[in-house]
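First up is the structure itself, then whatever we jot down about it.
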Amino acid sequence: MNATHHLSALAIVLPLVCAFLMPLFDRWRRGWCTPAALGALGFSFAASAAMAWQVMTAGPFYYRMGNWPPPWGIELYVDYLAVFTALTMTGVSLVILVYATKDLLHELKPGLLGWYYTLYLLLIASMVGMALTNDIFNLFVFVEICAIAACGIISIKATKECLEAAFKYLVLSALGSGCLLLAIALLYMVTGHLNFTFISQALPEAMRLYPNNILAALALLLVGMGVKAALFPLHVWLPDAHSSAPSPSSAVLSGLVIKIYAVALLKLLYQVFPPGIFEATPVLTILLWMSTMAIIAGSMFAIVQEDIKKMLAYSSVAQIGYVFMGFAIVDPSALTGGILHVFNHAMMKAMLFLAAGAFIYCTGVRRLSDLKGIGHTMPIPAAAFTIGALAMVGIPLTNGFISKWYLVLGALHGGQPVFASVILLSSLLNGVYYLPIIVNAFFGEPQGRVAEPRPLPRQMQVPLVVLGVGCLLFGLFPSLILGLASRASQALLGL
Amino acid sequence: MGMATSFLPVWIVMFPMVMTLVIYYVEQHNERMRNALAVATSVVTFLSVLSLYPYIMAGNIVEYSMFQLLPNLEISFRVDILSFSLALLSSFVWMLVSIYSIDYMCKEHGCNRYYPVLIITLASCMGIFLAGDLFTLFVFFELMSLISYVLVVHEESLEALRAGYKYLIMTIIGGLALFFGIIITFELGGSVSLGGPALITVPSSLAFFAFISFLIGFGMKAGMFPLHVWLPDAHPVAPSPASALLSGIMLKTGAYGLLRVIFHIFTPGMLQDAGWMIILAVVAIITILLGSAVAITQDDLKRRLAYSSVGQMGYILLGMSILTERAIIGNIFHIFSHAFMKSTLFLAAGAIILKTGKRSIRELGGIGRQMPFTMFAFTLAALSMIGIPPLSGFLSKWTLSLGAMDAGLPYFVLVLLVSSLLNGLYYLPIIIAAFFGAEEGHEHGLVKISEAPYKMLIPIAILAVSCLLFGLLPTNLPFDLSRVAADYLLRGGF
Amino acid sequence: MNITEILLRLHQNSYYFFAIILFVIGFHTMLTHNNLIKKVIGMNIMDTAIFLFFVSIGYIRGGRAPILVPGADYLYVNPLPSALILTGIVVAVSITAYALSLIVKLYEHYGTVDAEEIMRLRGGETL
């Protein structure tokens with residue numbers, strides 16, 4: 001076990017420890033809060049990168065917490081999917097945090113910044129934990145931490161809308177957690193294990209003896225993770241929560257948090273359940289149609305929105321559908337596309353929310369029709385928004401195109417051209433609601449507050465530029481991340 | 001063939017792109033410099049394309065692979081005779097239009113937006129014609145379509161924005177259809193290269209979807225019925241030089257794409273055996289008749305020209321659907337002659353609008369006496385449109401008709417004749433009124449209207465003379481190029 | 001399978017049976033009641049039901065507490081589920097506390113804990 005292996009645990013533990021130091025810093029050394037938070041996330045990101053290097057060069061590895069061997073100890077499994085997800089989560093959240101350091105001063109009441117960092121670091125640590133863990137109860141614990149922290153970064157802005165949205169999110173999230181825990185209980189009941197590897201070894205035999213338990217567990221998992229990932233029609237909490245929260249929270253919730261549950265479900269479906277389950281039950285077909293509905297309905301709802309953040313939130317409902325669709329078409333290309341979309345959409349949607357946040361920060365305007373001419377007065381956020389929107393539509397040379405290419409190719413290859421056409425239809429719908437905003441932003445005379453925005457601080461400009469360049473960079477040179485995604489999909493499919 | 005030559009296609013595409021940035025930087029400080037740079041860029045691009053002439057005519061194909069995006073999916077360039085012909089044509093017309101723009105645009109707002117967009121559109125247009133695979137073509141096609149939106153809505157009037165919205169939505173639909181077609185091709189053929197053997201040779205339902213997708217994607221751009229709806233709205237609202245490019249050149253990218261699809265993705269034989277070409281033939285005929293007939297009812301001069309473009313694109317599509325050698329020659333030659341004719345017409349219309357501010361045909365009585373030079377060029381191009389010998393429009397229609405007769409389809413000739421008649425019906429009244437009609441506006445006192453500045457007249461003159469020359473001379477460059485290109489497409493060699 | 005057999009089975013699995021009934025009650029309360037406090041109570045019932053279910057997995061009839069004395073060899077219950085459920089209880093308590101504090105704040109803003117009423121005050125969307 002070399003030093004890199006320990007990084008897998010440290011990538012989770014360091015942000016967790018830092019999270020609880022934040023209130024102390026906030027009290028006695030206020031100036032330390034921001035550097036410490038950035039440092040913790042930066043470390044996590046670097047650790048993820050080092051793990052990615054290790055995995056790409058030497059293959060996946062297991063890490064035993066406290067050196068307790070499974071099935072007694074908790075185990076981390078650092079494979080392609082795990083490092084891919086960890087890299088996405090830490091990388092994008094780091095960029096968002098840079099933005100948040102300035103934006104939150106404006107959005108939150110004074111004195112709350114340290115507490116926000118606590119919640120934020122908890123959230124990221126739990127997401128990295130979900131990505132890496134190989135233990136189903138440990139997964140549940142991280143899910144719960146993630147749920148509370150996610151609600152927390154909404155309700156920390158104690159306006160009426162935020163409180164209400166946070167409560168709605170909390171109730172539905174608790175419901176999802178309940179389903180998840182019951183599913184875990186059912187699986188533990190028939191296998192006697194909590195470790196993924198051991199469960200998956202015991203399941204084929206258990207499947208023969210107690211098929212009903214496993215079916216019930218599967219259904220509960222689907223509902224539990226579906227609620228948390230806002231898979232249509234379980235998405236009702238998302239639009240309010242993501243639109244009322246402070247912009248950095250929206251970015252991290254829409255960009256990352258809903259994705260991590262999709263990834264967790266993917267891990268459970270492909271790594272824990274025996275392949276025979278897909279033939280025995282129509283679980284993938286159900287997922288496929290739910291994601292189709294999500295894609296169409298999410299886009300439809302987004303078209304009629306007037307509030308910029310609400311529109312982006314509904315767009316996320318549609319985009320999570322892409323991810324699930326990639327997971328549910330059993331084809332290496334589609335799975336690669338789905339995994340890749342986790343990363344690509346994280347970048348795009350984070351950028352879009354941050355750009356929307358910049359508009360709101362500088363002008364206070366949220367209504368789409370009032371953003372006329374914003375491209376003239378705020379060129380950088382408007383340009384970032386444009387790149388994000390083009391990537392959403394899937395214009396070539398943006399990263400959205402790459403994931404769309406793999407998804408459609410996978411749908412065709414998997415013999416399901418219907419879903420290829422669903423993706424195309426949804427791209428058209430994306431165009432219908434994103435492009436008029438861009439046109440409106442660049443053609444037309446700015447009026448009112450849009451004409452004279454307050455200047456945008458540099459800490460808020462840099463993340464937008466980084467994400468914008470990232471969207472183009474990964475559109476031009478997708479191989480930077482593609483190797484990881486395609487190996488992840490091959491490993492999951494057992495190729 | 002040296003290293004320099006194989007790099008030339010990249011240069012032709014990248015040079016205007018880089019110059020766009022330079023122009024964008026320069027224009028903040030110096031407007032005259034901006035205009036000069038824009039013209040210089042288009043001239044250099046034209047000369048660069050021209051410098052390929054000896055290599056291409058010697059039967060060489062220039063290939064250059066830039067970088068690989070995904071496995072088997074790369075940005076690459078490949079110049080064969082067809083690419084070369086169209087790139088030459090486009091850069092030539094572009095050069096003239098950018099010269100014309102200097103005086104036309106000087107009174108318009110937003111010039112600082114216009115010139116960079118003009119040049120980057122040139123770059124993407126070159127990219128389309130020089131693309132070495134379908135994916136590169138698609139990338140530049142999307143780039144051109146999206147960027148030329150800025151040209152369409154240049155006026156920022158309500159009408160322009162509405163037309164622009166329609167254009168944008170149609171562009172996205174077309175782009176998605178192309179994407180679908182390309183990805184099916186990739187799935188079936190394992191590659192999207194245009195250089196190798198045909199990628200789809202066996203008809204299947206998926207292949208049929210691909211064909212229809214390509215037809216929608218490229219046909220949308222080419223103004224094919226029923227996807228032409230954006231065209232008559234979008235072309236007239238743009239500034240006249242931009243309309244000339246939209247109608248004269250950018251429509252042709254759709255036709256070019258379809259040619260590539262028919263000859264390189266599928267094989268003509270397979271398309272004919274499967275009966276899919278009938279679809280193209282039917283929509284082409286409808287496009288011709290519809291475009292010509294609706295043009296008669298239009299009163300706005302530029303709108304009438306735009307509908308005329310729809311009809312003329314129908315000829316090009318028809319030539320493609322016939323697939324005999326002379327039909328293909330006629331088809332490619334018509335791309336040339338229509339580019340010259342329609343650019344002349346739009347630029348002349350622009351000169352008239354600039355000088356008089358009138359767009360309605362009813363108000364244009366007697367304009368020929370005030371702007372004789374402009375109207376003479378207009379007349380020349382209009383007669384060429386109708387197909388009066390010895391103008392270039394006649395030559396292309398003649399060759400197309402011969403091609404149709406070769407294929408044993410005489411009723412296609414009938415369609416061409418009817419459409420020529422309709423062309424006469426909508427072009428001749430303009431000309432007659434312009435030269436012999438009563439002048440309006442005398443009651444408000446005499447407003448002396450003079451000719452446009454010479455920087456506008458020279459491009460008009462060059463284009464109009466081209467219409468005449470390329471019909472008059474039996475061997476001329478465009479016709480030769482069309483002949484060789486058709487030969488290359490049908491037989492895969494020189 | 002006759003009625004006595006079914007009853008016998010229910011008796012043998014009564015922990016599971018009642019856990020599921022409780023789960024459904026909690027689930028139903030959580031989703032259908034408008035009173036926010038009742039929603040939280042429903043949530044707790046649901047959680048408790050799951051804890052019951054989980055712990056009873058490890059229970060062995062006649063087993064003793066898993067305190068191992070050297071040399072003694074007797075049946076003891078599986079300690080793992082109980083240990084896990086301790087974590088679960090902690091999580092449930094913290095979520096409850098958090099939800100209640102949100103309700104307090106909501107009450108300050110709206111003067112009611114009724115979801116319908118809050119919806120009406122906001123004018124529109126459902127909570």
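Within each chain, counting starts at residue 1; across the structure tokens, chains are named A, B, ... in the order shown, with ligands numbered 1 upward in that order.
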
Shell of 9 Å around Tyr98 of chain C, only C-alpha atoms, local chain residues under 5 positions omitted, as a short mmCIF file (atom, residue, chain, number, x, y, z; two decimals) with N, CA and C atoms, in the first residue's frame:
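That gives us out17.cif:
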```cif
data_model
loop_
_atom_site.label_atom_id
_atom_site.label_comp_id
_atom_site.auth_asym_id
_atom_site.auth_seq_id
_atom_site.Cartn_x
_atom_site.Cartn_y
_atom_site.Cartn_z
N ILE A 148 -28.35 16.46 4.41
CA ILE A 148 -28.48 17.56 5.37
C ILE A 148 -27.68 18.76 4.91
N GLY A 152 -28.92 22.38 3.99
CA GLY A 152 -28.35 23.48 4.74
C GLY A 152 -27.88 24.62 3.87
N LEU A 170 -35.95 18.63 2.23
CA LEU A 170 -35.59 17.79 3.36
C LEU A 170 -36.56 16.63 3.52
N VAL C 93 -32.29 11.74 14.32
CA VAL C 93 -32.46 12.81 15.30
C VAL C 93 -32.01 14.13 14.71
N ILE C 103 -39.17 24.51 10.59
CA ILE C 103 -40.58 24.81 10.82
C ILE C 103 -40.74 26.05 11.67
#
```

**Report entry** Backbone DSSP call of strand (DSSP E or B) for segment 19-161 of chain A, listed as a list in words
**Finding:** Phe61, Tyr62, Tyr63, Arg64, Glu75, Leu76, Tyr77, Val78, Thr133 and Asp135 of chain A

Query raised in the report: Which chain C residues are at most 8 Å from chain A (counting only C-alpha atoms), as a ChimeraX atom specification?
Result: /C:27,30,39-40,43,46-47,50,53-54,57,84,87-88,91,95,99,102-103,105-106,109,127

Query raised in the report: Please, what distance in Å, to one decimal, runs between atom CA of Asn30 of chain B and atom CA of Met14 of chain B?
Result: 23.5 Å

Query raised in the report: DSSP on the backbone: what in segment 2-108 of chain C comes out alpha helix (DSSP H), as a VMD selection string?
Result: chain C and resid 3 to 12 14 to 32 36 to 58 79 to 108

Suppose we keep C-alpha atoms; can you now write the selection as a PDB file, in the first residue's frame?
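For reference, part_39.pdb as written:
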```pdb
ATOM      1  CA  ILE C   3     -55.426 -19.575   7.660  1.00  0.00           C
ATOM      2  CA  THR C   4     -53.650 -20.967  10.703  1.00  0.00           C
ATOM      3  CA  GLU C   5     -50.503 -21.406   8.708  1.00  0.00           C
ATOM      4  CA  ILE C   6     -50.648 -17.791   7.568  1.00  0.00           C
ATOM      5  CA  LEU C   7     -51.231 -16.623  11.103  1.00  0.00           C
ATOM      6  CA  LEU C   8     -48.354 -18.732  12.293  1.00  0.00           C
ATOM      7  CA  ARG C   9     -46.078 -17.232   9.723  1.00  0.00           C
ATOM      8  CA  LEU C  10     -47.206 -13.755  10.623  1.00  0.00           C
ATOM      9  CA  HIS C  11     -46.484 -14.515  14.217  1.00  0.00           C
ATOM     10  CA  GLN C  12     -43.017 -15.796  13.419  1.00  0.00           C
ATOM     11  CA  SER C  14     -44.294 -10.284  13.383  1.00  0.00           C
ATOM     12  CA  TYR C  15     -41.379  -7.835  13.713  1.00  0.00           C
ATOM     13  CA  TYR C  16     -41.063  -7.531   9.995  1.00  0.00           C
ATOM     14  CA  PHE C  17     -44.781  -7.386   9.504  1.00  0.00           C
ATOM     15  CA  PHE C  18     -45.331  -4.578  11.956  1.00  0.00           C
ATOM     16  CA  ALA C  19     -42.230  -2.748  10.773  1.00  0.00           C
ATOM     17  CA  ILE C  20     -43.658  -2.646   7.282  1.00  0.00           C
ATOM     18  CA  ILE C  21     -47.043  -1.494   8.552  1.00  0.00           C
ATOM     19  CA  LEU C  22     -45.350   1.266  10.513  1.00  0.00           C
ATOM     20  CA  PHE C  23     -43.283   2.187   7.498  1.00  0.00           C
ATOM     21  CA  VAL C  24     -46.391   2.591   5.378  1.00  0.00           C
ATOM     22  CA  ILE C  25     -48.116   4.619   8.077  1.00  0.00           C
ATOM     23  CA  GLY C  26     -45.124   6.926   8.320  1.00  0.00           C
ATOM     24  CA  PHE C  27     -44.781   7.212   4.588  1.00  0.00           C
ATOM     25  CA  HIS C  28     -48.439   8.027   4.224  1.00  0.00           C
ATOM     26  CA  THR C  29     -48.385  10.605   7.013  1.00  0.00           C
ATOM     27  CA  MET C  30     -45.351  12.271   5.564  1.00  0.00           C
ATOM     28  CA  LEU C  31     -46.812  12.677   2.116  1.00  0.00           C
ATOM     29  CA  THR C  32     -50.465  13.379   2.761  1.00  0.00           C
ATOM     30  CA  LEU C  36     -45.609  20.349   8.798  1.00  0.00           C
ATOM     31  CA  ILE C  37     -45.181  18.983  12.312  1.00  0.00           C
ATOM     32  CA  LYS C  38     -47.173  15.910  11.346  1.00  0.00           C
ATOM     33  CA  LYS C  39     -44.941  15.461   8.364  1.00  0.00           C
ATOM     34  CA  VAL C  40     -41.951  15.363  10.692  1.00  0.00           C
ATOM     35  CA  ILE C  41     -43.742  12.899  12.957  1.00  0.00           C
ATOM     36  CA  GLY C  42     -44.490  10.757   9.937  1.00  0.00           C
ATOM     37  CA  MET C  43     -40.859  10.888   9.001  1.00  0.00           C
ATOM     38  CA  ASN C  44     -39.897   9.689  12.457  1.00  0.00           C
ATOM     39  CA  ILE C  45     -42.406   6.860  12.375  1.00  0.00           C
ATOM     40  CA  MET C  46     -41.011   5.771   9.067  1.00  0.00           C
ATOM     41  CA  ASP C  47     -37.456   5.908  10.320  1.00  0.00           C
ATOM     42  CA  THR C  48     -38.348   4.025  13.470  1.00  0.00           C
ATOM     43  CA  ALA C  49     -40.044   1.363  11.415  1.00  0.00           C
ATOM     44  CA  ILE C  50     -36.892   0.866   9.424  1.00  0.00           C
ATOM     45  CA  PHE C  51     -34.805   0.706  12.584  1.00  0.00           C
ATOM     46  CA  LEU C  52     -37.132  -1.916  13.958  1.00  0.00           C
ATOM     47  CA  PHE C  53     -36.859  -3.861  10.763  1.00  0.00           C
ATOM     48  CA  PHE C  54     -33.113  -3.608  10.672  1.00  0.00           C
ATOM     49  CA  VAL C  55     -32.575  -4.576  14.285  1.00  0.00           C
ATOM     50  CA  SER C  56     -34.947  -7.498  14.063  1.00  0.00           C
ATOM     51  CA  ILE C  57     -32.870  -8.909  11.230  1.00  0.00           C
ATOM     52  CA  GLY C  58     -30.107  -9.462  13.718  1.00  0.00           C
ATOM     53  CA  PRO C  79     -24.651  -7.076  17.104  1.00  0.00           C
ATOM     54  CA  LEU C  80     -23.953  -5.469  13.739  1.00  0.00           C
ATOM     55  CA  PRO C  81     -27.486  -4.257  12.904  1.00  0.00           C
ATOM     56  CA  SER C  82     -27.847  -2.680  16.317  1.00  0.00           C
ATOM     57  CA  ALA C  83     -24.559  -0.913  15.890  1.00  0.00           C
ATOM     58  CA  LEU C  84     -25.564   0.339  12.477  1.00  0.00           C
ATOM     59  CA  ILE C  85     -28.903   1.514  13.719  1.00  0.00           C
ATOM     60  CA  LEU C  86     -27.224   3.634  16.357  1.00  0.00           C
ATOM     61  CA  THR C  87     -25.828   5.614  13.477  1.00  0.00           C
ATOM     62  CA  GLY C  88     -29.234   5.643  11.847  1.00  0.00           C
ATOM     63  CA  ILE C  89     -30.835   7.002  15.001  1.00  0.00           C
ATOM     64  CA  VAL C  90     -28.280   9.778  15.225  1.00  0.00           C
ATOM     65  CA  VAL C  91     -28.988  10.727  11.642  1.00  0.00           C
ATOM     66  CA  ALA C  92     -32.744  10.631  12.202  1.00  0.00           C
ATOM     67  CA  VAL C  93     -32.462  12.805  15.302  1.00  0.00           C
ATOM     68  CA  SER C  94     -30.382  15.403  13.534  1.00  0.00           C
ATOM     69  CA  ILE C  95     -32.738  15.499  10.572  1.00  0.00           C
ATOM     70  CA  THR C  96     -35.671  15.882  12.938  1.00  0.00           C
ATOM     71  CA  ALA C  97     -33.963  18.712  14.776  1.00  0.00           C
ATOM     72  CA  TYR C  98     -33.133  20.427  11.532  1.00  0.00           C
ATOM     73  CA  ALA C  99     -36.664  19.996  10.187  1.00  0.00           C
ATOM     74  CA  LEU C 100     -38.158  21.381  13.384  1.00  0.00           C
ATOM     75  CA  SER C 101     -35.901  24.408  13.289  1.00  0.00           C
ATOM     76  CA  LEU C 102     -36.973  25.019   9.714  1.00  0.00           C
ATOM     77  CA  ILE C 103     -40.583  24.808  10.819  1.00  0.00           C
ATOM     78  CA  VAL C 104     -39.943  27.371  13.534  1.00  0.00           C
ATOM     79  CA  LYS C 105     -38.474  29.717  10.959  1.00  0.00           C
ATOM     80  CA  LEU C 106     -41.334  29.088   8.571  1.00  0.00           C
ATOM     81  CA  TYR C 107     -43.795  29.810  11.339  1.00  0.00           C
ATOM     82  CA  GLU C 108     -42.047  33.104  12.003  1.00  0.00           C
TER      83      GLU C 108
END
```

Query raised in the report: chain A residues within 9 Å of chain B, counting only C-alpha atoms: which ones, as number ranges by chain?
Result: A: 393-397, 402, 405, 408-409, 412-413, 417, 420-421, 424-425, 427-428, 431-432, 435-436, 439, 443-444, 475-479, 482

For C-alpha atoms, I'd like the residues from the last selection saved as a PDB file, in the first residue's frame.
```pdb
ATOM      1  CA  VAL A 393     -27.710  22.425 -27.259  1.00  0.00           C
ATOM      2  CA  GLY A 394     -24.741  20.282 -28.199  1.00  0.00           C
ATOM      3  CA  ILE A 395     -23.040  22.426 -30.784  1.00  0.00           C
ATOM      4  CA  PRO A 396     -19.844  20.709 -31.930  1.00  0.00           C
ATOM      5  CA  LEU A 397     -16.558  21.701 -30.315  1.00  0.00           C
ATOM      6  CA  ILE A 402     -19.146  14.891 -26.986  1.00  0.00           C
ATOM      7  CA  TRP A 405     -22.330  11.998 -29.572  1.00  0.00           C
ATOM      8  CA  VAL A 408     -26.716   8.848 -29.549  1.00  0.00           C
ATOM      9  CA  LEU A 409     -24.085   6.472 -30.824  1.00  0.00           C
ATOM     10  CA  LEU A 412     -28.041   3.453 -32.193  1.00  0.00           C
ATOM     11  CA  HIS A 413     -25.529   0.776 -31.364  1.00  0.00           C
ATOM     12  CA  PRO A 417     -32.881   4.511 -32.233  1.00  0.00           C
ATOM     13  CA  ALA A 420     -31.486   8.660 -30.140  1.00  0.00           C
ATOM     14  CA  SER A 421     -34.322  10.699 -31.530  1.00  0.00           C
ATOM     15  CA  LEU A 424     -32.170  15.039 -30.660  1.00  0.00           C
ATOM     16  CA  LEU A 425     -35.641  16.336 -29.921  1.00  0.00           C
ATOM     17  CA  SER A 427     -31.502  19.291 -28.076  1.00  0.00           C
ATOM     18  CA  LEU A 428     -33.958  21.160 -30.237  1.00  0.00           C
ATOM     19  CA  GLY A 431     -32.203  25.464 -28.405  1.00  0.00           C
ATOM     20  CA  VAL A 432     -35.706  26.843 -28.161  1.00  0.00           C
ATOM     21  CA  LEU A 435     -30.892  30.679 -27.731  1.00  0.00           C
ATOM     22  CA  PRO A 436     -33.502  33.441 -27.372  1.00  0.00           C
ATOM     23  CA  VAL A 439     -30.076  36.738 -28.693  1.00  0.00           C
ATOM     24  CA  PHE A 443     -29.176  42.338 -29.487  1.00  0.00           C
ATOM     25  CA  GLY A 444     -31.117  45.089 -27.858  1.00  0.00           C
ATOM     26  CA  GLY A 475     -15.022  19.834 -26.382  1.00  0.00           C
ATOM     27  CA  LEU A 476     -11.866  20.140 -28.435  1.00  0.00           C
ATOM     28  CA  PHE A 477      -9.745  17.610 -26.598  1.00  0.00           C
ATOM     29  CA  PRO A 478     -12.196  15.184 -25.029  1.00  0.00           C
ATOM     30  CA  SER A 479      -9.507  12.531 -24.744  1.00  0.00           C
ATOM     31  CA  LEU A 482     -12.614  10.277 -22.131  1.00  0.00           C
TER      32      LEU A 482
END
```

Report task. May I have the residues within 12 Å of Gly357 of chain B as a count of residues only, using only C-alpha atoms and disregarding those fewer than 5 positions away in the same chain? Result -> 9

Requested in this report: Kindly give the distance, in Å, that separates atom CA of Ile481 of chain A and atom CA of Leu340 of chain A, rounded to a single decimal.
Outcome: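 A separation of 8.0 Å between them.
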
Surrounding residues of Tyr24 of chain B excluding itself and chain neighbours under 2 positions, 12 Å, only C-alpha atoms, as an mmCIF file with N, CA and C atoms, in the first residue's frame:
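Output file selection-v2.cif follows:
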```cif
data_model
loop_
_atom_site.group_PDB
_atom_site.id
_atom_site.type_symbol
_atom_site.label_atom_id
_atom_site.label_comp_id
_atom_site.auth_asym_id
_atom_site.auth_seq_id
_atom_site.Cartn_x
_atom_site.Cartn_y
_atom_site.Cartn_z
ATOM 1 N N PRO B 16 -8.456 33.631 -42.234
ATOM 2 C CA PRO B 16 -9.544 34.576 -41.937
ATOM 3 C C PRO B 16 -9.981 34.526 -40.474
ATOM 4 N N MET B 17 -9.879 33.334 -39.869
ATOM 5 C CA MET B 17 -10.284 33.244 -38.459
ATOM 6 C C MET B 17 -9.383 34.110 -37.591
ATOM 7 N N VAL B 18 -8.097 33.995 -37.832
ATOM 8 C CA VAL B 18 -7.167 34.794 -37.047
ATOM 9 C C VAL B 18 -7.385 36.270 -37.358
ATOM 10 N N MET B 19 -7.607 36.549 -38.650
ATOM 11 C CA MET B 19 -7.798 37.947 -39.031
ATOM 12 C C MET B 19 -9.050 38.524 -38.383
ATOM 13 N N THR B 20 -10.028 37.665 -38.115
ATOM 14 C CA THR B 20 -11.224 38.149 -37.426
ATOM 15 C C THR B 20 -10.844 38.789 -36.106
ATOM 16 N N LEU B 21 -9.967 38.093 -35.385
ATOM 17 C CA LEU B 21 -9.531 38.635 -34.097
ATOM 18 C C LEU B 21 -8.760 39.933 -34.297
ATOM 19 N N VAL B 22 -7.902 39.940 -35.323
ATOM 20 C CA VAL B 22 -7.115 41.150 -35.587
ATOM 21 C C VAL B 22 -8.054 42.305 -35.892
ATOM 22 N N VAL B 26 -8.415 45.797 -34.084
ATOM 23 C CA VAL B 26 -8.085 47.043 -34.781
ATOM 24 C C VAL B 26 -9.265 48.000 -34.786
ATOM 25 N N GLU B 27 -10.460 47.436 -34.944
ATOM 26 C CA GLU B 27 -11.613 48.309 -35.153
ATOM 27 C C GLU B 27 -11.928 49.171 -33.936
ATOM 28 N N GLN B 28 -11.408 48.789 -32.802
ATOM 29 C CA GLN B 28 -11.633 49.633 -31.632
ATOM 30 C C GLN B 28 -10.955 50.986 -31.806
ATOM 31 N N HIS B 29 -9.925 51.011 -32.659
ATOM 32 C CA HIS B 29 -9.132 52.232 -32.780
ATOM 33 C C HIS B 29 -9.295 52.918 -34.125
ATOM 34 N N ASN B 30 -9.443 52.143 -35.189
ATOM 35 C CA ASN B 30 -9.331 52.741 -36.502
ATOM 36 C C ASN B 30 -10.310 52.082 -37.474
ATOM 37 N N GLU B 31 -11.277 52.843 -37.946
ATOM 38 C CA GLU B 31 -12.298 52.238 -38.804
ATOM 39 C C GLU B 31 -11.803 51.992 -40.223
ATOM 40 N N MET B 33 -8.812 51.373 -41.143
ATOM 41 C CA MET B 33 -7.921 50.218 -41.081
ATOM 42 C C MET B 33 -8.736 48.922 -41.080
ATOM 43 N N ARG B 34 -9.836 48.964 -40.338
ATOM 44 C CA ARG B 34 -10.708 47.798 -40.277
ATOM 45 C C ARG B 34 -11.194 47.416 -41.660
ATOM 46 N N ASN B 35 -11.717 48.409 -42.405
ATOM 47 C CA ASN B 35 -12.229 48.120 -43.744
ATOM 48 C C ASN B 35 -11.125 47.567 -44.630
ATOM 49 N N LEU B 37 -8.436 46.036 -43.755
ATOM 50 C CA LEU B 37 -8.050 44.685 -43.349
ATOM 51 C C LEU B 37 -9.071 43.653 -43.824
ATOM 52 N N ALA B 38 -10.343 44.009 -43.732
ATOM 53 C CA ALA B 38 -11.375 43.063 -44.161
ATOM 54 C C ALA B 38 -11.201 42.747 -45.643
ATOM 55 N N CYS B 111 -21.093 48.560 -37.625
ATOM 56 C CA CYS B 111 -20.092 48.052 -38.551
ATOM 57 C C CYS B 111 -19.040 47.227 -37.832
ATOM 58 N N ASN B 112 -18.793 47.599 -36.583
ATOM 59 C CA ASN B 112 -17.778 46.879 -35.821
ATOM 60 C C ASN B 112 -18.199 45.453 -35.554
ATOM 61 N N ARG B 113 -19.463 45.169 -35.721
ATOM 62 C CA ARG B 113 -19.919 43.799 -35.597
ATOM 63 C C ARG B 113 -19.893 43.144 -36.963
ATOM 64 N N TYR B 114 -20.236 43.938 -37.969
ATOM 65 C CA TYR B 114 -20.436 43.393 -39.308
ATOM 66 C C TYR B 114 -19.156 42.793 -39.879
ATOM 67 N N TYR B 115 -18.050 43.546 -39.820
ATOM 68 C CA TYR B 115 -16.848 43.083 -40.518
ATOM 69 C C TYR B 115 -16.247 41.818 -39.923
ATOM 70 N N PRO B 116 -16.073 41.763 -38.609
ATOM 71 C CA PRO B 116 -15.553 40.490 -38.083
ATOM 72 C C PRO B 116 -16.444 39.315 -38.448
ATOM 73 N N VAL B 117 -17.757 39.529 -38.382
ATOM 74 C CA VAL B 117 -18.666 38.429 -38.703
ATOM 75 C C VAL B 117 -18.532 38.041 -40.173
ATOM 76 N N LEU B 118 -18.397 39.055 -41.015
ATOM 77 C CA LEU B 118 -18.249 38.787 -42.446
ATOM 78 C C LEU B 118 -17.037 37.894 -42.692
ATOM 79 N N ILE B 119 -15.954 38.210 -42.011
ATOM 80 C CA ILE B 119 -14.716 37.474 -42.274
ATOM 81 C C ILE B 119 -14.761 36.082 -41.647
ATOM 82 N N ILE B 120 -15.350 35.976 -40.466
ATOM 83 C CA ILE B 120 -15.365 34.632 -39.855
ATOM 84 C C ILE B 120 -16.346 33.737 -40.613
#
```

Requested in this report: Name the residues in contact with Met250 of chain B at a cut-off of 9 Å, using only C-alpha atoms, excluding same-chain residues fewer than 2 positions from it; report them as a PyMOL selection string.
Outcome: chain B and resi 90+125+144-145+221-222+245-248+252-254

Query raised in the report: Do you know which residues are at most 8 Å from Tyr63 of chain A counting only C-alpha atoms, after dropping those on the same chain fewer than 3 positions away, and could you put them as a ChimeraX atom specification?
Result: /A:5-6,8-9,75-78

Query raised in the report: What is the atom CA of Lys397 of chain B-atom CA of Gly330 of chain B distance in Å, reported with one decimal?
Result: 6.8 Å

Query - Distance criterion (only C-alpha atoms): nearest to Ile320 of chain A out of A:Leu256, A:Leu220, A:Gly375, A:Leu284 - result: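 Of A:Leu256, A:Leu220, A:Gly375, A:Leu284, the one nearest Ile320 of chain A, counting only C-alpha atoms, is A:Leu256.
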